[in-house]
Amino acid sequence: MGAHLANKRGGRMKEIKLLYLYPDMLELYGDYGNIQVLKYRMEKRGINLIIDKYSIGDKAPDFCLYDIVFAGGGADNEQTILSEDLIRYKDNIKDAINKGVFFLLICGAYQLFGKYYKGVEGNVIPGLEIFDYYTEAIEDRTKRCIGNIVINTKIGETETKVIGFENHGGQTYNIKTPFGKVIYGNGNKFEDSEEGFFKKNVIATYLHGPLLSKNPVIADYIIKYCLERKYNEKSMLNELDDTFENKCREQLINSFCK
Amino acid sequence: MYNSLTILIAKVLNFFAKILCKILKKDNGNMLGRIVKKLNPNILEYLKIDCPVIAVTATNGKTTTNNCIRYIIENNGKKVVSNKEGNNMETGIITTLIKNCTISGKIKADYICLEVDESYVPIVFKKIRLDTLLVLNFFRDQLDRNGEVESLILKIENFLKTYNGNLILNNDDPNVARLGQANKENKNVYYFSVEKYENASIKQKEAGEGKFCPFDKTKLEYEYYQYSHVGKYICPTCNFGKVELFTEIKNVDLENMTFDENEIHYNTQANNIYTIYNFAGAISVAKIYNLDAKKSLETFKLNNGRSEEISINGIKTFINLAKNPTGANVSLRTLNEDKDEKELLFVLNDNPADGLDVSWIWDINFELNNVSRVITSGKRAYDMAIRIKTSGFDENKIEAYTNIDEAVKSLYKTEVKKYVIANYTALQPTRRTIFSNK
Ligand SMILES: [Zn+2]
């Protein structure tokens, strides 16, 4: 074990392992920023974040060995290639979710974890069928749910407003446990009242921004969840200086939700 | 008859608009084109154009390159009609052409050269003849307006299927090079390239678009990256990337601002790789029309916020425009190559013309070399502050002001060299505020 695993007091440094899926394909809209935010907020608290990357052609990963799995949004035309590859790991991924590994899935990745994605020409891209929602493209190619979005969500014990930016043509149906209620913007479908999909260890959402940059409460929920699961102890995260984040949130919420 | 009448009305309108603009000290922009298009949607088809029409399209560098081509043509003693920055959609192009035509619709010029917004290429050139199209690059830019980059490329590809004019393509950008196969019958496809320069890298430093071969989806193999996804690549399956070059820039020396092309030595004012690519495009146009480019490039000034260098009360200040990650990365490269201590002001707006989505700032590579303070401003000053803080820059050395006056005031509290980066709608207000501090 390397020396970096020991902290100043000589104890073992806590360590979280993250698997970053398809960094070379799912990287539109700065979604990688979510990992940067997690890393930043962990390092400030003396927790080490190890990032492993997996892409097409790499050695098969074991999803169960990770604390967090992250996948972002990509270009529509690359979704097919990706689905074919990811489906090979379906059982392993299911296993990981059942064991409590945290999954953060943005946009295209959100859609891939459902039953299917049906394109404009009626072509169906099969999903992982891990959750029973499904997505269909709007017939009019030029129409997309695009814009700033604010939702109200209850995560753990905390109720909070989540701010992001949505940009999707797909309309996602059959969600029983949404990530939040839409206050401003579209959500899972055009003018929907609900956004995303949530369960204790899964956040699947259309929100870019990147999501965690403007919503430190969500970032800390994920960190806390991973620490408690891995180290089997109640963890209290020390507060960070979130002056910029708070001012940013205040300004955006005021301008969107007049 | 109706066409002539439209032009006549337009001319009269333009006359009064000019006076009005002089009084108000404002630019009338696309106004005229908007009115003309309402009056007569087919006006472009009616115009009588005898001279060559050259168009430049790209995500980055349209304005610089178009200005450069215009400058080359003028320096060769020819008359050229050309659109100004920002007037690159249909109405802007109508405005430019109407202002420069006779009542009968004839345009008196030796050349017309236009910068055209990527999504307007198929629309505008369905209506007017196009002789030469220069395509420089495709990056993610204002995605929320155009949809995905891919659908934009498909639109242009579709247009090119029946196009037989000159097509000049940047072979180092796979998104551009693929357009050369849109119409296999077209014998007038010309590729340009820039030889590996000193800061090229083996690994991709900044986010880019092209990763897979557009023809068989094989992963492209890169020998090196010049910046973003621009570099030397090949598809191991179909050899995509391998072409015969029409223009190849060699021996790029950014410090001395020189390079060679076809045994000609160029002395320019370009200190970044991104402008070298623009010049490679402009030189290709010049070669096709037998125009001399060497002399012109020696005196061609790069300005208007694009690497502008000024002195404010003796403090050296560089102002750069960055509309997307690639633009910002290029500016930051220049900043990092400067070894002196400096301060950075980054101004970020999210107006419709900028694109409402500011998440692109997370694709910027924010390793800052010898920067002692960062100030952020604009409507999304706090987003920018969060971004820079997360990259590891000491948060105690970051100040955020949504108000540009406060930001500039604070910036000039010290006498350290300044680098200013602003996005589209932020640039002019930022420049004005800085100049008023003089
Ligand atoms: Zn190929």
# chains A, B, ... in the order shown; residues from 1 in each chain; ligands from 1
$ residues_around --residues "range 35-42 of chain A" --least-positions-apart "5" --cutoff "7 Å" --atoms "only C-alpha atoms" --output "PyMOL selection string"
(chain A and resi 47-49+212-213+219) or (chain B and resi 390)
$ write_last_selection --atoms "all heavy atoms" --output "tab-separated table (two decimals), in the first residue's frame"
chain	number	residue	atom	x	y	z
A	47	ILE	N	-10.42	12.89	2.19
A	47	ILE	CA	-10.81	11.59	1.63
A	47	ILE	C	-10.21	11.51	0.22
A	47	ILE	O	-10.26	12.48	-0.53
A	47	ILE	CB	-12.35	11.47	1.53
A	47	ILE	CG1	-12.99	11.72	2.89
A	47	ILE	CG2	-12.76	10.11	0.98
A	47	ILE	CD1	-14.45	12.16	2.83
A	48	ASN	N	-9.68	10.35	-0.10
A	48	ASN	CA	-9.04	10.19	-1.39
A	48	ASN	C	-10.04	9.63	-2.41
A	48	ASN	O	-10.71	8.65	-2.12
A	48	ASN	CB	-7.85	9.24	-1.20
A	48	ASN	CG	-6.94	9.23	-2.39
A	48	ASN	OD1	-6.94	10.18	-3.19
A	48	ASN	ND2	-6.17	8.17	-2.54
A	49	LEU	N	-10.15	10.25	-3.57
A	49	LEU	CA	-11.02	9.69	-4.61
A	49	LEU	C	-10.17	9.07	-5.70
A	49	LEU	O	-9.34	9.73	-6.33
A	49	LEU	CB	-11.93	10.76	-5.21
A	49	LEU	CG	-12.87	10.25	-6.32
A	49	LEU	CD1	-13.96	9.34	-5.76
A	49	LEU	CD2	-13.52	11.40	-7.10
A	212	LEU	N	-23.61	18.62	-9.94
A	212	LEU	CA	-23.10	18.75	-8.57
A	212	LEU	C	-22.45	20.11	-8.30
A	212	LEU	O	-22.30	20.50	-7.15
A	212	LEU	CB	-22.11	17.62	-8.26
A	212	LEU	CG	-22.70	16.20	-8.37
A	212	LEU	CD1	-21.65	15.17	-8.00
A	212	LEU	CD2	-23.94	16.02	-7.52
A	213	SER	N	-22.09	20.84	-9.37
A	213	SER	CA	-21.39	22.11	-9.15
A	213	SER	C	-22.27	23.14	-8.46
A	213	SER	O	-21.79	23.96	-7.70
A	213	SER	CB	-20.87	22.66	-10.47
A	213	SER	OG	-21.94	23.10	-11.29
A	219	ALA	N	-24.03	16.58	-3.79
A	219	ALA	CA	-22.66	16.04	-3.78
A	219	ALA	C	-22.36	15.44	-2.41
A	219	ALA	O	-21.85	14.32	-2.30
A	219	ALA	CB	-21.66	17.13	-4.12
B	390	THR	N	-12.85	24.76	-8.22
B	390	THR	CA	-12.85	23.29	-8.26
B	390	THR	C	-11.61	22.74	-8.98
B	390	THR	O	-11.16	21.64	-8.69
B	390	THR	CB	-14.13	22.78	-8.95
B	390	THR	OG1	-15.24	23.41	-8.34
B	390	THR	CG2	-14.28	21.27	-8.81
$ residues_around --residues "Gly92 in chain B" --least-positions-apart "3" --cutoff "12 Å" --atoms "only C-alpha atoms" --output "PyMOL selection string"
chain B and resi 28-37+44+82-89+95-99+114-117+120+124
$ residues_around --residues "Leu240 in chain A" --least-positions-apart "2" --cutoff "8 Å" --atoms "only C-alpha atoms" --output "JSON, numbers by chain"
{"A": [41, 44, 238, 242]}
$ interface_residues --of "chain A" --to "chain B" --cutoff "9 Å" --atoms "only C-alpha atoms" --output "PyMOL selection string"
chain A and resi 24-25+27-33+36-37+39-41+75-77+81+142+144+146-148+165-167+208-210+213-214+244-245+247-249+251-252
$ residues_around --residues "range 51-66 of chain A" --least-positions-apart "5" --cutoff "8 Å" --atoms "only C-alpha atoms" --output "list of chain:residue names"
A:Ile16, A:Lys17, A:Leu18, A:Leu19, A:Tyr20, A:Leu21, A:Tyr22, A:Pro23, A:Asp24, A:Leu82, A:Asp85, A:Asn92, A:Ile93, A:Asp95, A:Ala96, A:Lys99, A:Val101
$ closest_residue --among "A:Ser255, A:Ser83, A:Thr158, A:Gln171" --to "Phe113 in chain A" --atoms "only C-alpha atoms"
A:Ser83
$ select_by_dssp --residues "range 63-143 of chain A" --states "strand (DSSP E)" --output "list in words"
Ile68, Val69, Phe70, Ala71, Phe102, Phe103, Leu104, Leu105, Ile106, Tyr116, Tyr117, Lys118, Val124, Ile125, Pro126, Tyr134, Thr135, Glu136 and Ala137 of chain A
$ residues_near_ligand --ligand "ligand 1" --cutoff "9 Å" --atoms "only C-alpha atoms and all ligand atoms" --output "PyMOL selection string"
chain B and resi 212-220+234-241
$ residues_around --residues "Glu195 in chain A" --least-positions-apart "6" --cutoff "6 Å" --atoms "only C-alpha atoms" --output "ChimeraX atom specification"
/A:178-180,187-188
$ residues_around --residues "range 168-175 of chain B" --least-positions-apart "5" --cutoff "9 Å" --atoms "only C-alpha atoms" --output "VMD selection string"
chain B and resid 132 to 139 150 153 180 188 to 194 209 to 214 226 229 to 233 240 to 243 245 to 246 277 280 to 281 284 to 285
$ write_last_selection --atoms "N, CA and C atoms" --output "compact mmCIF listing (two decimals), in the first residue's frame"
# COMPACT_ATOMS: atom_id res chain seq x y z
N THR B 132 -16.65 28.83 -53.83
CA THR B 132 -15.65 28.24 -52.95
C THR B 132 -16.15 28.23 -51.52
N LEU B 133 -16.12 27.06 -50.91
CA LEU B 133 -16.50 26.97 -49.50
C LEU B 133 -15.29 26.51 -48.71
N LEU B 134 -14.96 27.29 -47.68
CA LEU B 134 -13.85 26.94 -46.79
C LEU B 134 -14.41 26.53 -45.43
N VAL B 135 -14.10 25.32 -44.99
CA VAL B 135 -14.58 24.85 -43.69
C VAL B 135 -13.39 24.64 -42.77
N LEU B 136 -13.39 25.34 -41.63
CA LEU B 136 -12.21 25.32 -40.75
C LEU B 136 -12.29 24.29 -39.63
N ASN B 137 -13.40 24.23 -38.92
CA ASN B 137 -13.49 23.33 -37.76
C ASN B 137 -14.93 23.23 -37.27
N PHE B 138 -15.20 22.17 -36.52
CA PHE B 138 -16.49 22.05 -35.83
C PHE B 138 -16.25 21.70 -34.37
N PHE B 139 -16.67 22.60 -33.49
CA PHE B 139 -16.59 22.34 -32.06
C PHE B 139 -17.96 22.53 -31.46
N GLU B 150 -23.24 16.92 -34.35
CA GLU B 150 -23.43 15.93 -35.41
C GLU B 150 -24.54 16.34 -36.39
N ILE B 153 -23.29 18.92 -38.75
CA ILE B 153 -22.41 18.38 -39.79
C ILE B 153 -23.24 17.68 -40.87
N GLY B 180 -15.28 15.87 -47.30
CA GLY B 180 -14.68 15.66 -48.61
C GLY B 180 -15.25 14.45 -49.33
N ASN B 188 -13.18 19.09 -57.09
CA ASN B 188 -12.57 20.32 -56.60
C ASN B 188 -12.45 20.37 -55.07
N VAL B 189 -12.04 19.25 -54.50
CA VAL B 189 -11.86 19.23 -53.05
C VAL B 189 -10.38 19.43 -52.72
N TYR B 190 -10.09 20.38 -51.84
CA TYR B 190 -8.71 20.72 -51.48
C TYR B 190 -8.54 20.59 -49.97
N TYR B 191 -7.51 19.91 -49.53
CA TYR B 191 -7.28 19.75 -48.10
C TYR B 191 -6.08 20.56 -47.64
N PHE B 192 -6.19 21.11 -46.42
CA PHE B 192 -5.01 21.77 -45.85
C PHE B 192 -4.69 21.18 -44.49
N SER B 193 -3.46 21.40 -44.05
CA SER B 193 -3.00 20.81 -42.79
C SER B 193 -1.88 21.67 -42.23
N VAL B 194 -1.67 21.57 -40.93
CA VAL B 194 -0.55 22.27 -40.29
C VAL B 194 0.33 21.21 -39.64
N GLU B 209 -14.44 16.72 -30.26
CA GLU B 209 -15.60 16.01 -30.82
C GLU B 209 -15.25 14.70 -31.52
N GLY B 210 -14.23 14.74 -32.38
CA GLY B 210 -14.01 13.60 -33.27
C GLY B 210 -13.29 12.46 -32.57
N LYS B 211 -13.92 11.33 -32.46
CA LYS B 211 -13.25 10.22 -31.81
C LYS B 211 -13.35 8.97 -32.65
N PHE B 212 -14.41 8.91 -33.43
CA PHE B 212 -14.65 7.70 -34.20
C PHE B 212 -14.73 8.03 -35.67
N CYS B 213 -14.33 7.07 -36.48
CA CYS B 213 -14.40 7.25 -37.91
C CYS B 213 -15.87 7.40 -38.30
N PRO B 214 -16.23 8.46 -39.03
CA PRO B 214 -17.64 8.67 -39.38
C PRO B 214 -18.18 7.61 -40.34
N GLN B 226 -2.95 18.80 -31.98
CA GLN B 226 -2.46 20.18 -31.98
C GLN B 226 -3.19 20.96 -30.89
N HIS B 229 -9.54 18.37 -30.62
CA HIS B 229 -9.46 17.14 -31.40
C HIS B 229 -8.78 17.35 -32.75
N VAL B 230 -8.17 18.49 -32.94
CA VAL B 230 -7.47 18.79 -34.18
C VAL B 230 -6.05 18.24 -34.12
N GLY B 231 -5.69 17.42 -35.09
CA GLY B 231 -4.36 16.83 -35.06
C GLY B 231 -4.16 15.85 -36.20
N LYS B 232 -3.18 14.96 -36.04
CA LYS B 232 -2.95 13.97 -37.08
C LYS B 232 -3.51 12.63 -36.64
N TYR B 233 -4.44 12.12 -37.42
CA TYR B 233 -5.15 10.89 -37.04
C TYR B 233 -5.31 10.03 -38.28
N PHE B 240 -9.21 6.66 -43.45
CA PHE B 240 -9.73 8.03 -43.38
C PHE B 240 -8.70 8.90 -42.65
N GLY B 241 -8.40 10.05 -43.21
CA GLY B 241 -7.39 10.92 -42.62
C GLY B 241 -6.21 11.08 -43.56
N LYS B 242 -6.07 10.09 -44.46
CA LYS B 242 -4.95 10.13 -45.39
C LYS B 242 -5.41 10.73 -46.71
N VAL B 243 -4.92 11.90 -47.02
CA VAL B 243 -5.30 12.55 -48.29
C VAL B 243 -4.07 13.23 -48.89
N LEU B 245 -2.39 16.57 -49.77
CA LEU B 245 -2.60 17.93 -49.27
C LEU B 245 -2.38 18.98 -50.35
N PHE B 246 -3.24 19.98 -50.34
CA PHE B 246 -3.13 21.10 -51.26
C PHE B 246 -2.26 22.18 -50.60
N TYR B 277 -4.09 27.97 -38.25
CA TYR B 277 -5.08 27.21 -39.02
C TYR B 277 -5.95 28.13 -39.87
N ALA B 280 -3.96 29.06 -42.79
CA ALA B 280 -3.84 27.95 -43.74
C ALA B 280 -5.06 27.93 -44.67
N GLY B 281 -6.24 28.19 -44.10
CA GLY B 281 -7.47 28.27 -44.91
C GLY B 281 -7.41 29.43 -45.88
N SER B 284 -5.05 28.88 -48.73
CA SER B 284 -5.62 27.95 -49.72
C SER B 284 -6.53 28.70 -50.68
N VAL B 285 -7.35 29.60 -50.17
CA VAL B 285 -8.23 30.40 -51.03
C VAL B 285 -7.38 31.23 -51.99
$ atom_distance --atom1 "CA of Gly165 in chain B" --atom2 "CA of Phe125 in chain B"
11.6 Å
$ select_by_dssp --residues "range 23-235 of chain A" --states "alpha helix (DSSP H)" --output "PyMOL selection string"
chain A and resi 33-43+79-86+90-99+108-112+211-214+216-231
$ atom_distance --atom1 "CA of Pro352 in chain B" --atom2 "CA of Gly378 in chain B"
14.0 Å
